[in-house]
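Engineer: Take a look at final.txt, compact mmCIF, C-alpha atoms:
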# COMPACT_ATOMS: atom_id res chain seq x y z
CA MET L 419 18.23 -10.05 -13.20
CA ILE L 420 17.35 -12.64 -10.57
CA ALA L 421 16.76 -16.14 -11.91
CA GLY L 422 14.34 -18.63 -10.40
CA SER L 423 13.47 -21.90 -12.08
CA ARG L 424 10.24 -20.88 -13.84
CA VAL L 425 10.47 -17.13 -13.45
CA VAL L 426 12.96 -14.35 -13.76
CA LEU L 427 12.69 -11.26 -11.59
CA ARG L 428 14.04 -8.19 -13.32
CA GLU L 429 13.87 -4.40 -13.21
CA ARG L 430 10.62 -2.80 -14.31
CA ARG L 431 10.55 -1.47 -17.86
CA PRO L 432 8.19 0.95 -19.61
CA SER L 433 7.23 -1.92 -21.93
CA ASP L 434 5.74 -3.72 -18.88
CA VAL L 435 3.11 -1.04 -18.38
CA PRO L 436 0.43 -2.38 -20.80
CA TYR L 437 0.72 -5.82 -19.17
CA ALA L 438 0.56 -4.30 -15.70
CA GLN L 439 -2.54 -2.31 -16.65
CA ALA L 440 -4.29 -5.58 -17.50
CA TRP L 441 -3.31 -7.08 -14.11
CA LEU L 442 -4.50 -3.99 -12.26
CA ASP L 443 -7.82 -4.16 -14.09
CA ASP L 444 -8.27 -7.86 -13.28
CA VAL L 445 -10.74 -8.16 -10.40
CA ASP L 446 -9.54 -11.64 -9.43
CA ALA L 447 -5.90 -10.59 -9.31
CA MET L 448 -6.65 -7.54 -7.21
CA ARG L 449 -9.31 -8.94 -4.83
CA TRP L 450 -7.02 -9.44 -1.85
CA THR L 451 -4.72 -6.49 -2.39
CA LEU L 452 -4.92 -3.16 -0.63
CA HIS L 453 -6.21 -1.26 -3.67
CA PRO L 454 -9.98 -0.72 -3.63
CA TYR L 455 -9.98 1.83 -6.47
CA PRO L 456 -9.68 1.42 -10.22
CA ALA L 457 -6.05 1.77 -11.26
CA ALA L 458 -4.85 5.00 -12.82
CA PRO L 459 -3.02 4.73 -16.14
CA ASP L 460 0.30 5.46 -14.40
CA ALA L 461 -0.34 3.11 -11.48
CA TYR L 462 2.53 0.76 -12.39
CA ASP L 463 5.56 2.69 -11.20
CA VAL L 464 8.69 2.28 -13.32
CA PRO L 465 11.55 3.82 -11.31
CA GLY L 466 13.92 6.08 -13.23
CA GLU L 467 16.74 5.58 -10.74
CA PRO L 468 18.84 2.44 -10.33
CA LEU L 469 17.42 0.20 -7.62
CA SER L 470 19.09 0.37 -4.25
CA TRP L 471 18.44 -0.30 -0.57
CA GLY L 472 14.96 0.69 0.61
CA LEU L 473 12.50 -0.23 -2.11
CA VAL L 474 13.05 -2.86 -4.79
CA PRO L 475 10.03 -3.16 -7.11
CA LEU L 476 10.46 -5.86 -9.77
CA THR L 477 8.59 -7.35 -12.69
CA VAL L 478 8.09 -11.11 -12.76
CA VAL L 479 8.54 -12.66 -16.20
CA ASP L 480 7.99 -16.21 -17.42
CA ALA L 481 11.52 -17.61 -17.78
CA GLU L 482 10.58 -19.55 -20.92
CA SER L 483 8.88 -16.84 -22.97
CA GLY L 484 10.07 -13.64 -21.25
CA ARG L 485 6.45 -12.52 -20.94
CA PRO L 486 5.66 -10.26 -17.96
CA ILE L 487 3.23 -12.17 -15.72
CA GLY L 488 3.21 -10.14 -12.51
CA HIS L 489 5.14 -8.07 -10.08
CA ALA L 490 6.92 -8.58 -6.77
CA GLY L 491 9.32 -6.73 -4.56
CA LEU L 492 10.79 -5.74 -1.24
CA GLY L 493 9.97 -2.54 0.59
CA ASP L 494 9.93 -0.86 4.01
CA MET L 495 13.49 -2.00 4.66
CA VAL L 496 14.78 -1.23 8.14
CA PRO L 497 18.58 -1.25 8.11
CA GLU L 498 19.10 -1.57 11.85
CA HIS L 499 16.72 -4.50 12.18
CA ARG L 500 17.52 -5.94 8.76
CA ARG L 501 13.96 -6.72 7.81
CA ALA L 502 11.64 -5.83 4.94
CA LEU L 503 8.08 -6.38 3.76
CA CYS L 504 7.65 -8.29 0.53
CA TRP L 505 4.81 -8.54 -1.94
CA ILE L 506 3.90 -10.63 -4.93
CA VAL L 507 1.12 -10.52 -7.52
CA ILE L 508 0.80 -13.02 -10.35
CA GLY L 509 -1.39 -10.81 -12.49
CA ASP L 510 -1.69 -12.99 -15.59
CA ALA L 511 -4.52 -15.48 -14.94
CA ALA L 512 -2.95 -18.04 -17.27
CA PHE L 513 -0.01 -18.36 -14.87
CA ARG L 514 -1.96 -18.71 -11.63
CA GLY L 515 -2.15 -22.00 -9.74
CA ARG L 516 0.84 -23.50 -11.56
CA GLY L 517 3.73 -22.84 -9.20
CA TYR L 518 4.87 -19.53 -10.66
CA GLY L 519 3.93 -17.65 -7.50
CA GLU L 520 5.76 -20.13 -5.32
CA ASP L 521 8.90 -19.92 -7.45
CA THR L 522 8.66 -16.13 -7.45
CA MET L 523 8.38 -15.95 -3.67
CA ARG L 524 11.23 -18.39 -3.10
CA THR L 525 13.44 -16.52 -5.57
CA LEU L 526 12.58 -13.15 -4.02
CA CYS L 527 13.36 -14.37 -0.49
CA ARG L 528 16.65 -15.95 -1.56
CA PHE L 529 17.60 -12.61 -3.12
CA ALA L 530 16.58 -10.80 0.09
CA PHE L 531 18.85 -13.00 2.22
CA GLU L 532 21.81 -13.66 -0.05
CA THR L 533 22.13 -10.36 -1.90
CA VAL L 534 20.49 -7.69 0.24
CA ASN L 535 21.67 -9.30 3.52
CA LEU L 536 18.29 -9.06 5.21
CA ALA L 537 17.79 -11.16 8.34
CA LYS L 538 14.00 -11.44 8.07
CA VAL L 539 11.32 -11.07 5.41
CA GLU L 540 7.77 -10.26 6.45
CA LEU L 541 4.46 -10.02 4.60
CA GLU L 542 0.84 -9.12 5.22
CA VAL L 543 -1.90 -11.31 3.81
CA VAL L 544 -5.68 -11.42 4.15
CA ALA L 545 -6.51 -14.46 6.29
CA ASP L 546 -9.27 -15.57 3.90
CA ASN L 547 -6.84 -15.69 1.00
CA ALA L 548 -6.24 -19.34 1.81
CA ALA L 549 -4.28 -20.22 -1.30
CA ALA L 550 -1.76 -17.47 -0.62
CA VAL L 551 -1.41 -18.38 3.06
CA ARG L 552 -0.78 -22.02 2.08
CA LEU L 553 1.81 -20.99 -0.48
CA TYR L 554 3.67 -18.81 2.02
CA GLU L 555 3.62 -21.60 4.60
CA ARG L 556 5.00 -24.08 2.07
CA ILE L 557 7.98 -21.80 1.55
CA GLY L 558 8.53 -21.54 5.31
CA PHE L 559 6.72 -18.39 6.39
CA VAL L 560 5.25 -18.54 9.90
CA ARG L 561 2.03 -16.83 10.98
CA GLU L 562 3.08 -14.48 13.76
CA VAL L 563 0.19 -12.10 14.31
CA THR L 564 -3.43 -11.96 13.23
CA ARG L 565 -4.93 -8.51 13.10
CA ARG L 566 -8.68 -8.82 13.50
CA ARG L 567 -11.00 -7.00 11.06
CA ALA L 568 -7.97 -5.28 9.59
CA ARG L 569 -9.34 -4.99 6.06
CA TRP L 570 -12.70 -4.04 4.61
CA ILE L 571 -13.04 -5.82 1.29
CA GLU L 572 -16.13 -5.98 -0.88
CA GLY L 573 -18.59 -5.40 1.91
CA ALA L 574 -17.07 -7.55 4.62
CA TRP L 575 -14.43 -7.48 7.30
CA HIS L 576 -11.40 -9.70 6.98
CA ASP L 577 -8.61 -10.58 9.36
CA GLU L 578 -5.04 -10.17 8.23
CA HIS L 579 -1.96 -12.23 9.09
CA LEU L 580 1.50 -10.85 9.55
CA MET L 581 3.85 -13.64 8.48
CA GLY L 582 7.61 -13.80 8.84
CA LEU L 583 10.50 -15.83 7.45
CA PHE L 584 14.09 -16.28 8.67
CA PRO L 585 16.86 -17.43 6.29
CA GLU L 586 17.11 -20.85 7.93
CA GLU L 587 13.36 -21.41 7.44
CA LEU L 588 13.31 -20.89 3.67
CA ARG L 589 12.64 -24.14 1.83
CA MET T 1090 20.47 9.79 24.92
CA THR T 1091 24.20 9.21 25.24
CA PHE T 1092 26.52 6.25 24.82
CA THR T 1093 28.96 5.96 27.66
CA GLY T 1094 32.34 4.25 27.69
CA ALA T 1095 34.84 4.08 30.53
CA LEU T 1096 36.17 7.61 29.99
CA VAL T 1097 33.93 9.29 27.43
CA ARG T 1098 30.31 9.92 26.52
CA LEU T 1099 29.03 10.13 22.95
CA ARG T 1100 26.08 12.45 22.36
CA ALA T 1101 24.37 14.08 19.39
CA MET T 1102 26.15 17.10 17.90
CA GLU T 1103 24.70 20.46 18.92
CA PRO T 1104 24.95 23.97 17.45
CA ARG T 1105 26.82 24.99 20.61
CA ASP T 1106 29.72 22.69 19.58
CA ALA T 1107 30.61 25.08 16.74
CA ASP T 1108 33.21 27.14 18.58
CA ALA T 1109 35.22 24.13 19.70
CA GLN T 1110 35.06 22.55 16.25
CA TYR T 1111 36.19 25.83 14.72
CA ARG T 1112 39.26 25.85 16.98
CA TRP T 1113 40.13 22.21 16.30
CA MET T 1114 39.73 22.34 12.55
CA ASN T 1115 41.90 25.44 12.27
CA ASP T 1116 44.59 24.06 14.62
CA LEU T 1117 47.52 22.82 12.55
CA GLU T 1118 48.66 20.49 15.29
CA VAL T 1119 45.23 18.84 15.44
CA THR T 1120 44.94 18.50 11.67
CA GLU T 1121 48.57 17.45 11.08
CA HIS T 1122 47.65 13.78 10.55
CA LEU T 1123 44.18 14.36 9.12
CA GLY T 1124 42.80 15.00 5.67
CA TRP T 1125 41.73 18.49 6.74
CA ARG T 1126 44.03 20.93 4.95
CA TYR T 1127 42.17 24.17 4.22
CA PRO T 1128 41.22 26.91 6.63
CA ILE T 1129 37.52 26.61 7.46
CA SER T 1130 35.13 29.43 8.31
CA SER T 1131 32.72 29.50 11.23
CA LEU T 1132 29.91 29.67 8.66
CA ALA T 1133 31.10 26.42 7.09
CA ILE T 1134 31.24 24.84 10.55
CA ALA T 1135 27.70 26.00 11.29
CA GLN T 1136 26.48 24.53 8.01
CA ARG T 1137 28.29 21.29 8.78
CA LEU T 1138 26.53 21.15 12.13
CA ASP T 1139 23.13 22.06 10.73
CA GLY T 1140 21.03 18.93 10.95
CA ALA T 1141 24.00 16.90 12.20
CA GLY T 1142 22.03 16.04 15.31
CA ALA T 1143 19.48 14.12 13.24
CA MET T 1144 21.12 10.76 12.78
CA THR T 1145 20.08 7.86 10.62
CA PHE T 1146 21.62 4.48 9.93
CA ALA T 1147 23.65 6.03 7.10
CA ASN T 1148 25.38 8.76 9.10
CA PRO T 1149 25.78 8.41 12.84
CA ARG T 1150 28.00 11.18 14.27
CA PHE T 1151 28.69 12.22 17.80
CA SER T 1152 30.32 14.83 19.93
CA VAL T 1153 32.70 13.28 22.45
CA GLU T 1154 32.63 14.45 26.06
CA ARG T 1155 34.81 13.46 28.99
CA ALA T 1156 32.65 11.30 31.24
CA ASP T 1157 34.12 12.87 34.40
CA THR T 1158 33.90 16.61 33.61
CA GLY T 1159 31.50 16.74 30.67
CA GLU T 1160 34.02 18.80 28.70
CA LEU T 1161 33.68 18.57 24.92
CA ILE T 1162 36.93 17.06 23.59
CA GLY T 1163 36.28 15.71 20.11
CA TYR T 1164 33.97 14.13 17.65
CA THR T 1165 33.49 10.79 15.95
CA ALA T 1166 31.37 9.54 13.06
CA LEU T 1167 30.64 6.52 10.91
CA ARG T 1168 30.66 7.31 7.22
CA ASP T 1169 29.75 5.38 4.07
CA VAL T 1170 27.64 2.94 6.03
CA THR T 1171 26.28 0.35 3.63
CA PRO T 1172 23.15 -1.53 4.68
CA GLU T 1173 23.87 -4.60 2.55
CA SER T 1174 27.55 -5.20 3.40
CA ARG T 1175 27.14 -3.57 6.81
CA ASN T 1176 30.48 -1.79 6.71
CA GLY T 1177 31.30 1.66 8.03
CA GLU T 1178 34.27 4.02 7.91
CA LEU T 1179 35.32 5.55 11.20
CA ASP T 1180 36.20 9.22 11.70
CA LEU T 1181 37.63 10.12 15.09
CA VAL T 1182 39.26 13.32 16.26
CA ILE T 1183 40.22 14.28 19.80
CA GLY T 1184 40.54 17.98 19.07
CA GLU T 1185 41.14 19.30 22.59
CA ARG T 1186 44.91 19.19 23.15
CA SER T 1187 44.51 18.99 26.93
CA ALA T 1188 42.83 15.61 26.40
CA TRP T 1189 45.62 13.98 24.40
CA GLY T 1190 47.59 10.98 25.63
CA GLN T 1191 45.13 9.90 28.32
CA GLY T 1192 43.19 7.15 26.62
CA PHE T 1193 40.20 9.21 25.47
CA GLY T 1194 40.77 8.30 21.81
CA THR T 1195 40.99 4.59 22.61
CA ASP T 1196 37.85 4.73 24.70
CA THR T 1197 36.01 6.71 22.02
CA ALA T 1198 36.95 4.08 19.42
CA ARG T 1199 35.74 1.31 21.71
CA THR T 1200 32.49 3.10 22.48
CA VAL T 1201 31.66 3.95 18.88
CA CYS T 1202 32.39 0.34 17.90
CA ALA T 1203 30.00 -0.87 20.59
CA PHE T 1204 27.39 1.44 19.06
CA ALA T 1205 28.19 0.19 15.55
CA PHE T 1206 28.03 -3.50 16.39
CA GLU T 1207 25.40 -3.72 19.11
CA ARG T 1208 23.14 -0.81 18.35
CA ILE T 1209 22.89 -0.77 14.55
CA GLY T 1210 24.31 -4.19 13.68
CA LEU T 1211 27.34 -3.33 11.54
CA HIS T 1212 29.70 -6.16 10.63
CA ARG T 1213 32.93 -4.24 10.05
CA VAL T 1214 34.33 -0.84 10.96
CA GLN T 1215 37.41 0.35 9.12
CA LEU T 1216 39.62 3.42 9.02
CA TRP T 1217 42.67 4.86 7.32
CA VAL T 1218 45.41 6.43 9.41
CA VAL T 1219 48.61 8.05 8.19
CA ALA T 1220 51.54 5.72 8.96
CA THR T 1221 53.47 8.45 10.81
CA HIS T 1222 50.68 8.90 13.36
CA ALA T 1223 51.99 6.29 15.82
CA PRO T 1224 49.87 7.27 18.85
CA ALA T 1225 46.67 6.90 16.84
CA ILE T 1226 47.71 3.50 15.49
CA ARG T 1227 48.49 2.34 19.03
CA ALA T 1228 45.16 3.66 20.28
CA TYR T 1229 43.23 1.85 17.55
CA GLU T 1230 45.14 -1.36 18.25
CA LYS T 1231 44.24 -1.07 21.92
CA ALA T 1232 40.62 -0.61 20.84
CA GLY T 1233 40.73 -3.91 18.95
CA PHE T 1234 41.53 -2.72 15.43
CA VAL T 1235 43.82 -4.88 13.32
CA ARG T 1236 46.28 -3.55 10.74
CA GLU T 1237 45.25 -4.98 7.40
CA GLY T 1238 47.69 -3.32 5.06
CA VAL T 1239 49.69 -0.31 4.04
CA ALA T 1240 48.80 1.76 1.00
CA ARG T 1241 51.97 3.37 -0.28
CA GLU T 1242 52.09 7.13 -0.64
CA ARG T 1243 48.35 7.52 -0.31
CA PHE T 1244 48.36 10.68 1.78
CA PHE T 1245 49.95 14.02 0.82
CA LYS T 1246 50.71 16.50 3.56
CA ARG T 1247 53.55 18.81 4.51
CA GLY T 1248 55.13 18.72 1.06
CA ARG T 1249 55.42 14.98 0.61
CA TYR T 1250 53.59 11.69 0.39
CA HIS T 1251 53.02 9.42 3.36
CA ASP T 1252 51.93 5.82 3.58
CA ALA T 1253 48.47 5.12 4.97
CA VAL T 1254 47.53 2.16 7.16
CA LEU T 1255 44.18 0.41 6.75
CA MET T 1256 42.85 -0.85 10.08
CA ALA T 1257 39.59 -2.61 10.82
CA ARG T 1258 37.62 -4.29 13.54
CA LEU T 1259 35.01 -6.98 12.94
CA ALA T 1260 31.83 -7.51 14.93
CA PRO T 1261 32.41 -9.93 17.81
Could you show the structure in this file as structure tokens?
Structural biologist:
Amino acid sequence: MIAGSRVVLRERRPSDVPYAQAWLDDVDAMRWTLHPYPAAPDAYDVPGEPLSWGLVPLTVVDAESGRPIGHAGLGDMVPEHRRALCWIVIGDAAFRGRGYGEDTMRTLCRFAFETVNLAKVELEVVADNAAAVRLYERIGFVREVTRRRARWIEGAWHDEHLMGLFPEELR
Amino acid sequence: MTFTGALVRLRAMEPRDADAQYRWMNDLEVTEHLGWRYPISSLAIAQRLDGAGAMTFANPRFSVERADTGELIGYTALRDVTPESRNGELDLVIGERSAWGQGFGTDTARTVCAFAFERIGLHRVQLWVVATHAPAIRAYEKAGFVREGVARERFFKRGRYHDAVLMARLAP
């Protein structure tokens, strides 16, 4: 369990699946993600093995109530270069726009640096997802690359930023 | 691609290294100070070598050649490499008797440490050596390893227990 101030990041559990199904079916939650298709019933992967280096998928729960509100994690870890890609989805609409995402991201990055010993965390975000870009920048992420027309979403092209964060930049 | 020190070259293991490894691992004088204690078949050597050339962060391993003649003289590996703590355990054997006592072991240790620290970013390389193996301890000290402690009667060979020395080198 990884404690933030408003959220707790913990291992995924089978009991999270009904919540996750609702997030995956929520058009607003999924608009800027990479998944253009309706989610299959088993789309929320609950690993049977203990988590270890490589891929760390987590469920985000509200620290106060313990309710699952989204998911986040680290993947594509490169041991030689000590970097990983991270992701975050606050799937429960009632918890959006209230600082839960920011706390989740900060908590995830602190875990990446202090526990996993990564030297850099990167992410990919659709450039038009302005709220997310602002949130990442508040935490310290820097826009490093913009890939033009990198994503086709709902009938239009969108650019995509690659953003990166070093330990000393996290705030 | 090879990694070159002052006296040796480290390269990927090849199937053609099997004969030399078979000789070393069945040579009681070579294995005297090592954990190897059972006779080993050429089939087991071949299986050990199968895929050994494909290295990842978790298991770098090399055949050691003399830089001057290209002769195969030993092998070295990093085991139990942990990506979070960035530690590795060093294996090093100069199996060719004609190459003993000339600094090849020291240079191999230096070269594999350079690989560990500069190439894949490890923080610490450690090894265990039996306390009676004075030339190896001297070689590791020359290569920058520091004695960190002695584990009493950790190693059983030749009918009795021997102490084992833990040595380690940290990234510069």
Engineer: Could you list, as an mmCIF file with C-alpha atoms, in the frame of the given file, the residues of chain T having an atom within 6 Å of chain L when counting only C-alpha atoms?
Structural biologist:
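out-v9.cif written:
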data_model
loop_
_atom_site.group_PDB
_atom_site.id
_atom_site.type_symbol
_atom_site.label_atom_id
_atom_site.label_comp_id
_atom_site.auth_asym_id
_atom_site.auth_seq_id
_atom_site.Cartn_x
_atom_site.Cartn_y
_atom_site.Cartn_z
ATOM 1 C CA PRO T 1172 23.150 -1.530 4.680
ATOM 2 C CA GLU T 1173 23.870 -4.600 2.550
ATOM 3 C CA ILE T 1209 22.890 -0.770 14.550
#
Engineer: With a distance cut-off of 10 Å and all atoms listed in the file, select the neighbouring residues of stretch 1220-1233 of chain T, excluding the residue or stretch itself and same-chain residues fewer than 6 positions from it, and output the selection as a ChimeraX atom specification.
Structural biologist: /T:1121-1123,1181-1182,1189-1190,1192-1200,1202,1239-1244,1251-1259
Engineer: Just give me the gap between atom CA of T:Pro1104 and atom CA of T:Arg1137 in Å, one decimal is fine.
Structural biologist: 9.7 Å
Engineer: Which residues are near L:Arg561? Cut-off 8 Å, all atoms listed in the file, ignore same chain within fewer than 3 positions. Put them as a list in words.
Structural biologist: Thr564, His579, Leu580, Met581 and Gly582 of chain L
Engineer: Between L:Gly484, L:Pro436, L:Pro468, L:Gly515, which one has atoms that come closest to L:Arg552, using only C-alpha atoms?
Structural biologist: L:Gly515
Engineer: Determine, counting all atoms listed in the file, which protein, DNA and RNA residues have an atom within 10 Å of an atom of T:Arg1150; residues of the same chain fewer than 2 positions away are not included. Present the result as a PyMOL selection string.
Structural biologist: chain T and resi 1099-1102+1141-1145+1147-1148+1152-1153+1164-1168+1179-1181+1201
Engineer: When you look at stretch 583-588 of chain L with a cut-off of 10 Å (counting all atoms listed in the file), what residues show up, excluding the ones that are within fewer than 4 positions of it in the same chain? I need them as number ranges by chain.
Structural biologist: L: 501, 524, 527-528, 530-532, 535-541, 554-562
Engineer: Of the candidates T:Gln1191, T:Thr1158, T:Asn1176, T:Thr1093, which shows the shortest atom-to-atom distance to T:Arg1213, using all atoms listed in the file?
Structural biologist: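 For T:Arg1213, the nearest of the candidates is T:Asn1176.
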Engineer: To one decimal place, how far is atom CA of T:Asn1115 from atom CA of T:Pro1128 in Å?
Structural biologist: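 These atoms are spaced 5.9 Å apart.
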Engineer: Go through T:Met1090, T:Ile1183, T:Leu1161, T:Ile1134 and flag the residue nearest T:Val1119, using all atoms listed in the file for the distances.
Structural biologist: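 The shortest atom-to-atom distance to T:Val1119 comes from T:Ile1183.
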Engineer: Let me make sure I understand: among L:Asp463, L:Glu572, L:Asp521, L:Glu482, which one has the smallest atom-to-atom distance to L:Thr451 if we use all atoms listed in the file?
Structural biologist: L:Glu572
Engineer: If I take atom CA of L:Asp434 and atom CA of L:Thr477, how far is one from the other in Å, to one decimal?
Structural biologist: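 Interatomic distance here is 7.7 Å.
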Engineer: So which one's closest to T:Glu1103, T:Ala1133, T:Ser1174, T:Asp1139, T:Gly1124? Using all atoms listed in the file, please.
Structural biologist: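 For T:Glu1103, the nearest of the given residues is T:Asp1139.
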Engineer: Which residue is closest to T:Thr1120? Choose from T:Val1170, T:Val1219, T:Ala1260, T:Ala1203 and count only C-alpha atoms.
Structural biologist: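 Among the listed residues, T:Val1219 lies closest to T:Thr1120.
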